[in-house]
file query.cif (mmCIF, C-alpha atoms)
data_start
loop_
_atom_site.group_PDB
_atom_site.id
_atom_site.type_symbol
_atom_site.label_atom_id
_atom_site.label_comp_id
_atom_site.auth_asym_id
_atom_site.auth_seq_id
_atom_site.Cartn_x
_atom_site.Cartn_y
_atom_site.Cartn_z
ATOM 1 C CA MET A 9 -28.469 -31.459 56.973
ATOM 2 C CA ASN A 10 -26.596 -29.107 59.334
ATOM 3 C CA ILE A 11 -23.780 -28.363 56.862
ATOM 4 C CA ASP A 12 -20.942 -26.040 57.882
ATOM 5 C CA ALA A 13 -18.307 -24.754 55.453
ATOM 6 C CA ILE A 14 -15.340 -23.829 57.643
ATOM 7 C CA GLY A 15 -11.544 -23.690 57.543
ATOM 8 C CA LEU A 16 -9.241 -25.611 59.851
ATOM 9 C CA ASN A 17 -8.850 -22.711 62.295
ATOM 10 C CA ARG A 18 -12.610 -22.273 62.674
ATOM 11 C CA LEU A 19 -12.943 -26.037 63.077
ATOM 12 C CA ALA A 20 -10.406 -25.804 65.909
ATOM 13 C CA TYR A 21 -12.453 -23.105 67.660
ATOM 14 C CA ARG A 22 -15.634 -25.188 67.294
ATOM 15 C CA VAL A 23 -13.953 -28.073 69.091
ATOM 16 C CA PHE A 24 -12.384 -25.803 71.721
ATOM 17 C CA ASP A 25 -15.839 -24.347 72.453
ATOM 18 C CA GLU A 26 -17.285 -27.847 72.759
ATOM 19 C CA LEU A 27 -14.533 -28.876 75.198
ATOM 20 C CA SER A 28 -14.575 -25.537 77.072
ATOM 21 C CA MET A 29 -10.910 -25.056 76.208
ATOM 22 C CA ASN A 30 -9.041 -21.773 76.194
ATOM 23 C CA SER A 31 -6.495 -21.793 73.377
ATOM 24 C CA GLY A 32 -4.766 -18.684 74.741
ATOM 25 C CA GLN A 33 -4.253 -15.401 72.924
ATOM 26 C CA VAL A 34 -3.724 -16.064 69.213
ATOM 27 C CA LEU A 35 -1.070 -13.952 67.495
ATOM 28 C CA GLU A 36 -2.186 -13.008 64.003
ATOM 29 C CA ASP A 37 0.132 -11.575 61.317
ATOM 30 C CA PHE A 38 0.330 -8.045 62.737
ATOM 31 C CA GLY A 39 1.111 -9.320 66.238
ATOM 32 C CA LYS A 40 3.787 -11.650 64.872
ATOM 33 C CA SER A 41 5.414 -8.780 62.982
ATOM 34 C CA MET A 42 5.452 -6.633 66.140
ATOM 35 C CA LEU A 43 7.013 -9.465 68.130
ATOM 36 C CA VAL A 44 9.683 -10.101 65.472
ATOM 37 C CA LYS A 45 10.542 -6.373 65.460
ATOM 38 C CA LYS A 46 10.859 -6.396 69.268
ATOM 39 C CA ILE A 47 13.155 -9.453 69.162
ATOM 40 C CA LEU A 48 15.356 -7.878 66.472
ATOM 41 C CA MET A 49 15.726 -4.711 68.530
ATOM 42 C CA GLU A 50 16.498 -6.560 71.782
ATOM 43 C CA ASN A 51 19.034 -8.957 70.226
ATOM 44 C CA LYS A 52 20.661 -6.754 67.597
ATOM 45 C CA GLN A 53 24.173 -7.264 69.030
ATOM 46 C CA ASP A 54 23.883 -11.073 68.919
ATOM 47 C CA LEU A 55 22.714 -11.298 65.304
ATOM 48 C CA LEU A 56 25.495 -12.103 62.820
ATOM 49 C CA VAL A 57 23.693 -11.003 59.651
ATOM 50 C CA TYR A 58 20.205 -9.697 60.287
ATOM 51 C CA GLY A 59 21.047 -7.070 62.914
ATOM 52 C CA SER A 60 21.538 -4.489 60.179
ATOM 53 C CA TYR A 61 18.487 -5.647 58.182
ATOM 54 C CA MET A 62 15.933 -4.553 60.762
ATOM 55 C CA ASP A 63 15.058 -1.227 59.115
ATOM 56 C CA LYS A 64 15.036 -2.532 55.533
ATOM 57 C CA MET A 65 11.597 -2.347 53.940
ATOM 58 C CA GLY A 66 9.750 -5.657 54.068
ATOM 59 C CA PHE A 67 12.372 -7.504 56.144
ATOM 60 C CA VAL A 68 10.243 -7.830 59.298
ATOM 61 C CA ASP A 69 7.347 -9.227 57.232
ATOM 62 C CA GLU A 70 9.688 -11.733 55.551
ATOM 63 C CA MET A 71 11.009 -12.893 58.943
ATOM 64 C CA LYS A 72 7.443 -13.100 60.270
ATOM 65 C CA SER A 73 6.596 -15.377 57.318
ATOM 66 C CA MET A 74 9.681 -17.474 58.088
ATOM 67 C CA MET A 75 8.515 -17.950 61.711
ATOM 68 C CA SER A 76 5.049 -18.946 60.440
ATOM 69 C CA GLU A 77 6.523 -21.571 58.114
ATOM 70 C CA LEU A 78 8.744 -23.025 60.840
ATOM 71 C CA PHE A 79 5.644 -23.546 63.006
ATOM 72 C CA GLN A 80 3.585 -24.756 60.043
ATOM 73 C CA TYR A 81 6.074 -27.448 59.066
ATOM 74 C CA ALA A 82 6.932 -28.429 62.665
ATOM 75 C CA VAL A 83 10.598 -27.448 62.291
ATOM 76 C CA ASP A 84 12.162 -27.033 65.723
ATOM 77 C CA ARG A 85 15.496 -25.632 66.904
ATOM 78 C CA GLU A 86 17.082 -29.096 66.939
ATOM 79 C CA ASP A 87 16.313 -29.443 63.212
ATOM 80 C CA ILE A 88 18.103 -26.152 62.559
ATOM 81 C CA ASP A 89 21.034 -27.279 64.728
ATOM 82 C CA ARG A 90 21.364 -30.471 62.700
ATOM 83 C CA ALA A 91 21.338 -28.484 59.461
ATOM 84 C CA MET A 92 24.143 -26.271 60.811
ATOM 85 C CA GLU A 93 26.371 -29.095 62.101
ATOM 86 C CA ASN A 94 28.295 -29.769 58.891
ATOM 87 C CA MET A 95 28.407 -26.195 57.639
ATOM 88 C CA ASP A 96 31.380 -23.858 57.547
ATOM 89 C CA GLU A 97 30.833 -21.389 60.404
ATOM 90 C CA ASP A 98 32.054 -18.538 58.219
ATOM 91 C CA SER A 99 29.589 -19.282 55.439
ATOM 92 C CA SER A 100 26.687 -16.952 54.731
ATOM 93 C CA THR A 101 24.158 -19.785 55.101
ATOM 94 C CA TYR A 102 25.487 -20.788 58.542
ATOM 95 C CA ARG A 103 25.381 -17.187 59.779
ATOM 96 C CA LYS A 104 21.835 -16.690 58.517
ATOM 97 C CA LEU A 105 20.662 -19.945 60.116
ATOM 98 C CA HIS A 106 22.309 -18.843 63.375
ATOM 99 C CA ASP A 107 20.185 -15.675 63.310
ATOM 100 C CA ILE A 108 16.988 -17.509 62.335
ATOM 101 C CA ARG A 109 17.518 -19.966 65.185
ATOM 102 C CA LEU A 110 18.078 -17.139 67.679
ATOM 103 C CA ILE A 111 14.964 -15.258 66.536
ATOM 104 C CA TYR A 112 12.944 -18.503 66.628
ATOM 105 C CA GLU A 113 14.153 -19.273 70.162
ATOM 106 C CA LYS A 114 13.218 -15.803 71.432
ATOM 107 C CA PHE A 115 9.886 -16.004 69.578
ATOM 108 C CA GLU A 116 9.025 -19.259 71.376
ATOM 109 C CA GLU A 117 10.148 -17.833 74.733
ATOM 110 C CA HIS A 118 7.779 -14.881 74.353
ATOM 111 C CA ASN A 119 4.953 -17.228 73.357
ATOM 112 C CA VAL A 120 5.413 -19.283 76.538
ATOM 113 C CA LYS A 121 5.995 -16.313 78.846
ATOM 114 C CA ASP A 122 3.082 -14.239 77.523
ATOM 115 C CA SER A 123 0.742 -17.213 76.887
ATOM 116 C CA TYR A 124 0.600 -16.573 73.140
ATOM 117 C CA ILE A 125 -0.153 -19.128 70.488
ATOM 118 C CA VAL A 126 0.390 -18.455 66.781
ATOM 119 C CA ALA A 127 -2.424 -19.232 64.354
ATOM 120 C CA GLU A 128 -0.310 -22.021 62.783
ATOM 121 C CA GLN A 129 -0.356 -23.896 66.122
ATOM 122 C CA LEU A 130 -4.155 -24.151 66.256
ATOM 123 C CA SER A 131 -4.135 -27.293 64.076
ATOM 124 C CA GLU A 132 -1.548 -28.860 66.381
ATOM 125 C CA LEU A 133 -3.623 -28.061 69.472
ATOM 126 C CA LEU A 134 -6.744 -29.375 67.740
ATOM 127 C CA ALA A 135 -4.983 -32.636 66.816
ATOM 128 C CA ASP A 136 -4.109 -33.192 70.489
ATOM 129 C CA ASN A 137 -7.800 -32.977 71.435
ATOM 130 C CA VAL A 138 -9.598 -34.630 68.489
ATOM 131 C CA ASP A 139 -10.302 -37.870 70.353
ATOM 132 C CA ARG A 140 -12.158 -35.949 73.090
ATOM 133 C CA SER A 141 -14.622 -34.350 70.662
ATOM 134 C CA ARG A 142 -18.119 -35.792 70.308
ATOM 135 C CA PHE A 143 -18.747 -33.197 67.568
ATOM 136 C CA LEU A 144 -15.970 -34.644 65.360
ATOM 137 C CA ALA A 145 -16.869 -38.241 66.177
ATOM 138 C CA ASP A 146 -20.399 -37.637 64.847
ATOM 139 C CA SER A 147 -19.255 -35.731 61.741
ATOM 140 C CA TYR A 148 -18.855 -36.488 58.057
ATOM 141 C CA LEU A 149 -15.967 -34.321 56.852
ATOM 142 C CA TYR A 150 -15.106 -33.174 53.326
ATOM 143 C CA PHE A 151 -11.725 -31.534 52.693
ATOM 144 C CA ASP A 152 -11.691 -29.503 49.494
ATOM 145 C CA GLY A 153 -9.421 -26.835 48.016
ATOM 146 C CA PHE A 154 -6.132 -28.375 49.187
ATOM 147 C CA THR A 155 -3.249 -29.260 46.875
ATOM 148 C CA GLY A 156 -1.169 -30.594 49.742
ATOM 149 C CA PHE A 157 -0.988 -30.634 53.526
ATOM 150 C CA THR A 158 1.751 -29.584 55.937
ATOM 151 C CA PRO A 159 3.072 -32.247 58.370
ATOM 152 C CA ILE A 160 0.942 -30.738 61.154
ATOM 153 C CA GLN A 161 -2.180 -30.814 58.968
ATOM 154 C CA LEU A 162 -1.452 -34.427 57.987
ATOM 155 C CA ASN A 163 -1.193 -35.349 61.663
ATOM 156 C CA LEU A 164 -4.544 -33.635 62.261
ATOM 157 C CA LEU A 165 -6.096 -35.564 59.368
ATOM 158 C CA ARG A 166 -4.723 -38.811 60.801
ATOM 159 C CA ARG A 167 -6.430 -38.098 64.141
ATOM 160 C CA ILE A 168 -9.683 -37.084 62.457
ATOM 161 C CA MET A 169 -9.705 -40.132 60.153
ATOM 162 C CA ALA A 170 -9.360 -42.350 63.205
ATOM 163 C CA CYS A 171 -12.490 -41.012 64.913
ATOM 164 C CA ALA A 172 -14.903 -39.309 62.450
ATOM 165 C CA ARG A 173 -17.812 -41.130 60.835
ATOM 166 C CA ASP A 174 -16.404 -40.543 57.358
ATOM 167 C CA VAL A 175 -13.700 -38.424 55.710
ATOM 168 C CA LYS A 176 -13.555 -37.486 52.037
ATOM 169 C CA VAL A 177 -10.707 -35.499 50.467
ATOM 170 C CA VAL A 178 -11.148 -33.844 47.080
ATOM 171 C CA LEU A 179 -7.958 -33.577 44.996
ATOM 172 C CA THR A 180 -7.635 -32.326 41.421
ATOM 173 C CA MET A 181 -5.640 -34.194 38.758
ATOM 174 C CA ASP A 182 -6.237 -35.353 35.219
ATOM 175 C CA HIS A 183 -7.007 -38.997 34.413
ATOM 176 C CA ARG A 184 -3.529 -39.691 32.974
ATOM 177 C CA ALA A 185 -1.804 -38.532 36.161
ATOM 178 C CA TYR A 186 -4.332 -40.464 38.240
ATOM 179 C CA LYS A 187 -3.497 -43.734 36.446
ATOM 180 C CA LYS A 188 0.285 -43.353 36.736
ATOM 181 C CA ARG A 189 1.782 -45.063 39.790
ATOM 182 C CA ILE A 190 4.674 -42.605 40.143
ATOM 183 C CA LEU A 191 4.943 -39.027 38.874
ATOM 184 C CA ALA A 192 8.212 -37.133 38.399
ATOM 185 C CA GLU A 193 8.706 -33.958 40.451
ATOM 186 C CA HIS A 194 8.458 -31.718 37.378
ATOM 187 C CA GLU A 195 5.016 -33.043 36.395
ATOM 188 C CA LEU A 196 2.018 -30.784 36.930
ATOM 189 C CA PHE A 197 0.113 -33.029 39.338
ATOM 190 C CA TYR A 198 3.132 -34.371 41.270
ATOM 191 C CA LEU A 199 2.214 -32.629 44.535
ATOM 192 C CA THR A 200 -1.408 -33.775 44.289
ATOM 193 C CA ALA A 201 -0.319 -37.371 43.629
ATOM 194 C CA GLU A 202 2.088 -37.208 46.582
ATOM 195 C CA THR A 203 -0.731 -35.954 48.818
ATOM 196 C CA ARG A 204 -2.945 -38.820 47.651
ATOM 197 C CA ARG A 205 -0.160 -41.312 48.387
ATOM 198 C CA GLN A 206 0.318 -39.892 51.914
ATOM 199 C CA LEU A 207 -3.408 -40.086 52.678
ATOM 200 C CA ILE A 208 -3.659 -43.677 51.444
ATOM 201 C CA ARG A 209 -0.635 -44.606 53.567
ATOM 202 C CA ILE A 210 -2.274 -43.081 56.666
ATOM 203 C CA ALA A 211 -5.524 -44.949 55.944
ATOM 204 C CA ASP A 212 -3.582 -48.227 55.580
ATOM 205 C CA GLU A 213 -1.772 -47.632 58.881
ATOM 206 C CA LEU A 214 -5.141 -47.017 60.583
ATOM 207 C CA HIS A 215 -6.652 -50.084 58.854
ATOM 208 C CA LEU A 216 -9.328 -47.912 57.237
ATOM 209 C CA PRO A 217 -10.892 -48.770 53.864
ATOM 210 C CA VAL A 218 -9.996 -46.475 50.954
ATOM 211 C CA LYS A 219 -13.106 -46.108 48.846
#
call {"tool": "encode", "arguments": {"input": "query.cif", "output": "structure tokens"}}
result
Amino acid sequence: MNIDAIGLNRLAYRVFDELSMNSGQVLEDFGKSMLVKKILMENKQDLLVYGSYMDKMGFVDEMKSMMSELFQYAVDREDIDRAMENMDEDSSTYRKLHDIRLIYEKFEEHNVKDSYIVAEQLSELLADNVDRSRFLADSYLYFDGFTGFTPIQLNLLRRIMACARDVKVVLTMDHRAYKKRILAEHELFYLTAETRRQLIRIADELHLPVK
């Protein structure tokens, strides 16, 4: 039956191979940490808070994780600017966001200049090319092991749902949670129910039947 069990990143590479696309050099965790360290060293004088944190154990890894999450959740510099607009410039939160924005800006500049792409951007690049893939158009896809999806992953699912032969998503919740129309945030299966609601909304927008 030609079954493949693959993650989203390997799915991206399958499609890139099919389309003869070069995704560029992918920065994995170690490369991201090295780049963050370089940025901290080069911009130490411009950092309001984190300039003195550079040599603290674990800080570079924490900032690397922050960069990954910003890419994962499609947060850009304008979003950070909007968050800072109504803050007191002397507040600790404002000063930390200033530093995060600066590091993020330099991180993106290095990515463009050195033709890097971070692993979190593979799903975004795949989403932009889904409609060109004969492989995906002929596929039946099953998504399992997810509790929720990031905005970028949801956008990818939207594109895949619009072109694949069939898409099934496996989500785990008990029958009581499944029957309830709305779950409170503190309830165990809230995130799963929210994911289900988002997927049904996407299917409705695409005029696809929900089985």
call {"tool": "residues_around", "arguments": {"input": "query.cif", "residues": "segment 102-110 of chain A", "least_positions_apart": "6", "cutoff": "9 Å", "atoms": "all atoms listed in the file", "output": "VMD selection string"}}
result
chain A and resid 51 54 to 59 71 74 to 75 84 to 85 88 to 89 91 to 92 95 to 96
call {"tool": "residues_around", "arguments": {"input": "query.cif", "residues": "Leu214 of chain A", "least_positions_apart": "4", "cutoff": "9 Å", "atoms": "only C-alpha atoms", "output": "PyMOL selection string"}}
result
chain A and resi 166+169-170+209-210
call {"tool": "residues_around", "arguments": {"input": "query.cif", "residues": "Ser76 of chain A", "least_positions_apart": "5", "cutoff": "9 Å", "atoms": "all atoms listed in the file", "output": "PDB file with C-alpha atoms, in the coordinates of the input"}}
result
ATOM      1  CA  ASP A  37       0.132 -11.575  61.317  1.00  0.00           C
ATOM      2  CA  LYS A  40       3.787 -11.650  64.872  1.00  0.00           C
ATOM      3  CA  MET A  71      11.009 -12.893  58.943  1.00  0.00           C
ATOM      4  CA  TYR A  81       6.074 -27.448  59.066  1.00  0.00           C
ATOM      5  CA  VAL A 126       0.390 -18.455  66.781  1.00  0.00           C
ATOM      6  CA  ALA A 127      -2.424 -19.232  64.354  1.00  0.00           C
ATOM      7  CA  GLU A 128      -0.310 -22.021  62.783  1.00  0.00           C
TER       8      GLU A 128
END
call {"tool": "atom_distance", "arguments": {"input": "query.cif", "atom1": "atom CA of Gly156 of chain A", "atom2": "atom CA of Thr101 of chain A"}}
result
28.1 Å
call {"tool": "closest_residue", "arguments": {"input": "query.cif", "among": "A:Ser100, A:Thr155, A:Ser73, A:Ser31", "to": "Tyr112 of chain A", "atoms": "only C-alpha atoms"}}
result
A:Ser73
call {"tool": "decode", "arguments": {"input": "query.cif", "residues": "segment 90-196 of chain A", "atoms": "C-alpha atoms", "output": "PDB file, in the first residue's frame"}}
result
ATOM      1  CA  ARG A  90       2.697  46.361  18.986  1.00  0.00           C
ATOM      2  CA  ALA A  91       3.146  44.585  22.316  1.00  0.00           C
ATOM      3  CA  MET A  92       5.688  47.234  23.371  1.00  0.00           C
ATOM      4  CA  GLU A  93       3.636  50.280  22.315  1.00  0.00           C
ATOM      5  CA  ASN A  94       1.657  50.736  25.530  1.00  0.00           C
ATOM      6  CA  MET A  95       4.378  49.638  27.928  1.00  0.00           C
ATOM      7  CA  ASP A  96       6.426  51.796  30.264  1.00  0.00           C
ATOM      8  CA  GLU A  97       9.870  52.075  28.646  1.00  0.00           C
ATOM      9  CA  ASP A  98      11.530  51.694  32.036  1.00  0.00           C
ATOM     10  CA  SER A  99       9.721  48.462  32.837  1.00  0.00           C
ATOM     11  CA  SER A 100      11.576  45.160  32.927  1.00  0.00           C
ATOM     12  CA  THR A 101       9.188  43.605  30.390  1.00  0.00           C
ATOM     13  CA  TYR A 102       9.701  46.438  27.874  1.00  0.00           C
ATOM     14  CA  ARG A 103      13.490  46.206  28.185  1.00  0.00           C
ATOM     15  CA  LYS A 104      13.455  42.436  27.732  1.00  0.00           C
ATOM     16  CA  LEU A 105      11.183  42.685  24.682  1.00  0.00           C
ATOM     17  CA  HIS A 106      13.528  45.331  23.251  1.00  0.00           C
ATOM     18  CA  ASP A 107      16.403  42.837  23.504  1.00  0.00           C
ATOM     19  CA  ILE A 108      14.368  39.931  22.108  1.00  0.00           C
ATOM     20  CA  ARG A 109      13.322  42.073  19.148  1.00  0.00           C
ATOM     21  CA  LEU A 110      16.928  43.111  18.472  1.00  0.00           C
ATOM     22  CA  ILE A 111      18.194  39.518  18.644  1.00  0.00           C
ATOM     23  CA  TYR A 112      15.310  38.371  16.411  1.00  0.00           C
ATOM     24  CA  GLU A 113      16.075  41.095  13.853  1.00  0.00           C
ATOM     25  CA  LYS A 114      19.770  40.166  13.703  1.00  0.00           C
ATOM     26  CA  PHE A 115      18.851  36.463  13.562  1.00  0.00           C
ATOM     27  CA  GLU A 116      16.657  37.073  10.498  1.00  0.00           C
ATOM     28  CA  GLU A 117      19.344  39.237   8.865  1.00  0.00           C
ATOM     29  CA  HIS A 118      21.894  36.432   9.175  1.00  0.00           C
ATOM     30  CA  ASN A 119      19.379  33.939   7.776  1.00  0.00           C
ATOM     31  CA  VAL A 120      18.839  36.087   4.669  1.00  0.00           C
ATOM     32  CA  LYS A 121      22.495  37.038   4.206  1.00  0.00           C
ATOM     33  CA  ASP A 122      23.860  33.511   4.689  1.00  0.00           C
ATOM     34  CA  SER A 123      20.921  31.720   2.992  1.00  0.00           C
ATOM     35  CA  TYR A 124      19.936  29.874   6.169  1.00  0.00           C
ATOM     36  CA  ILE A 125      16.515  28.547   6.985  1.00  0.00           C
ATOM     37  CA  VAL A 126      15.568  27.318  10.461  1.00  0.00           C
ATOM     38  CA  ALA A 127      13.880  23.936  10.803  1.00  0.00           C
ATOM     39  CA  GLU A 128      10.665  25.652  12.000  1.00  0.00           C
ATOM     40  CA  GLN A 129      10.360  27.385   8.599  1.00  0.00           C
ATOM     41  CA  LEU A 130      10.230  24.128   6.627  1.00  0.00           C
ATOM     42  CA  SER A 131       6.464  23.796   7.203  1.00  0.00           C
ATOM     43  CA  GLU A 132       5.975  27.361   5.972  1.00  0.00           C
ATOM     44  CA  LEU A 133       8.019  26.698   2.829  1.00  0.00           C
ATOM     45  CA  LEU A 134       6.138  23.440   2.270  1.00  0.00           C
ATOM     46  CA  ALA A 135       2.768  25.207   2.607  1.00  0.00           C
ATOM     47  CA  ASP A 136       3.790  27.653  -0.138  1.00  0.00           C
ATOM     48  CA  ASN A 137       4.425  24.752  -2.535  1.00  0.00           C
ATOM     49  CA  VAL A 138       1.714  22.208  -1.632  1.00  0.00           C
ATOM     50  CA  ASP A 139      -0.441  22.981  -4.670  1.00  0.00           C
ATOM     51  CA  ARG A 140       2.472  22.153  -7.006  1.00  0.00           C
ATOM     52  CA  SER A 141       2.937  18.639  -5.607  1.00  0.00           C
ATOM     53  CA  ARG A 142       1.521  15.660  -7.494  1.00  0.00           C
ATOM     54  CA  PHE A 143       2.739  13.453  -4.616  1.00  0.00           C
ATOM     55  CA  LEU A 144       0.467  15.234  -2.097  1.00  0.00           C
ATOM     56  CA  ALA A 145      -2.446  15.455  -4.521  1.00  0.00           C
ATOM     57  CA  ASP A 146      -2.413  11.651  -4.871  1.00  0.00           C
ATOM     58  CA  SER A 147      -1.996  10.983  -1.134  1.00  0.00           C
ATOM     59  CA  TYR A 148      -4.229   9.902   1.720  1.00  0.00           C
ATOM     60  CA  LEU A 149      -2.800  11.541   4.844  1.00  0.00           C
ATOM     61  CA  TYR A 150      -3.244  10.584   8.501  1.00  0.00           C
ATOM     62  CA  PHE A 151      -2.060  13.001  11.199  1.00  0.00           C
ATOM     63  CA  ASP A 152      -1.555  11.287  14.541  1.00  0.00           C
ATOM     64  CA  GLY A 153       0.223  12.170  17.784  1.00  0.00           C
ATOM     65  CA  PHE A 154      -0.725  15.866  17.799  1.00  0.00           C
ATOM     66  CA  THR A 155      -2.531  17.594  20.662  1.00  0.00           C
ATOM     67  CA  GLY A 156      -2.567  20.906  18.832  1.00  0.00           C
ATOM     68  CA  PHE A 157      -1.023  22.691  15.869  1.00  0.00           C
ATOM     69  CA  THR A 158       0.907  25.951  15.606  1.00  0.00           C
ATOM     70  CA  PRO A 159      -0.509  28.652  13.273  1.00  0.00           C
ATOM     71  CA  ILE A 160       2.052  27.678  10.616  1.00  0.00           C
ATOM     72  CA  GLN A 161       1.105  23.996  10.885  1.00  0.00           C
ATOM     73  CA  LEU A 162      -2.595  24.890  10.655  1.00  0.00           C
ATOM     74  CA  ASN A 163      -1.897  26.861   7.483  1.00  0.00           C
ATOM     75  CA  LEU A 164      -0.050  23.834   6.086  1.00  0.00           C
ATOM     76  CA  LEU A 165      -2.994  21.582   6.959  1.00  0.00           C
ATOM     77  CA  ARG A 166      -5.359  24.010   5.230  1.00  0.00           C
ATOM     78  CA  ARG A 167      -3.294  23.795   2.026  1.00  0.00           C
ATOM     79  CA  ILE A 168      -3.039  20.009   2.242  1.00  0.00           C
ATOM     80  CA  MET A 169      -6.771  19.570   2.934  1.00  0.00           C
ATOM     81  CA  ALA A 170      -7.512  21.590  -0.184  1.00  0.00           C
ATOM     82  CA  CYS A 171      -5.545  19.303  -2.508  1.00  0.00           C
ATOM     83  CA  ALA A 172      -5.000  15.799  -1.019  1.00  0.00           C
ATOM     84  CA  ARG A 173      -7.295  12.872  -1.763  1.00  0.00           C
ATOM     85  CA  ASP A 174      -8.233  12.523   1.899  1.00  0.00           C
ATOM     86  CA  VAL A 175      -7.031  13.819   5.275  1.00  0.00           C
ATOM     87  CA  LYS A 176      -7.718  12.204   8.638  1.00  0.00           C
ATOM     88  CA  VAL A 177      -6.604  13.685  11.968  1.00  0.00           C
ATOM     89  CA  VAL A 178      -6.514  11.540  15.098  1.00  0.00           C
ATOM     90  CA  LEU A 179      -7.182  13.423  18.355  1.00  0.00           C
ATOM     91  CA  THR A 180      -7.545  11.949  21.840  1.00  0.00           C
ATOM     92  CA  MET A 181     -10.380  12.923  24.201  1.00  0.00           C
ATOM     93  CA  ASP A 182     -12.907  11.097  26.324  1.00  0.00           C
ATOM     94  CA  HIS A 183     -16.544  10.746  25.243  1.00  0.00           C
ATOM     95  CA  ARG A 184     -17.818  13.337  27.755  1.00  0.00           C
ATOM     96  CA  ALA A 185     -15.452  16.011  26.440  1.00  0.00           C
ATOM     97  CA  TYR A 186     -16.307  15.020  22.872  1.00  0.00           C
ATOM     98  CA  LYS A 187     -20.037  15.598  23.470  1.00  0.00           C
ATOM     99  CA  LYS A 188     -19.615  18.999  25.143  1.00  0.00           C
ATOM    100  CA  ARG A 189     -19.908  21.946  22.750  1.00  0.00           C
ATOM    101  CA  ILE A 190     -17.562  24.199  24.736  1.00  0.00           C
ATOM    102  CA  LEU A 191     -14.847  23.232  27.222  1.00  0.00           C
ATOM    103  CA  ALA A 192     -13.365  25.571  29.836  1.00  0.00           C
ATOM    104  CA  GLU A 193      -9.629  26.297  29.613  1.00  0.00           C
ATOM    105  CA  HIS A 194      -8.878  24.349  32.802  1.00  0.00           C
ATOM    106  CA  GLU A 195     -10.451  21.129  31.489  1.00  0.00           C
ATOM    107  CA  LEU A 196      -8.139  18.286  30.512  1.00  0.00           C
TER     108      LEU A 196
END
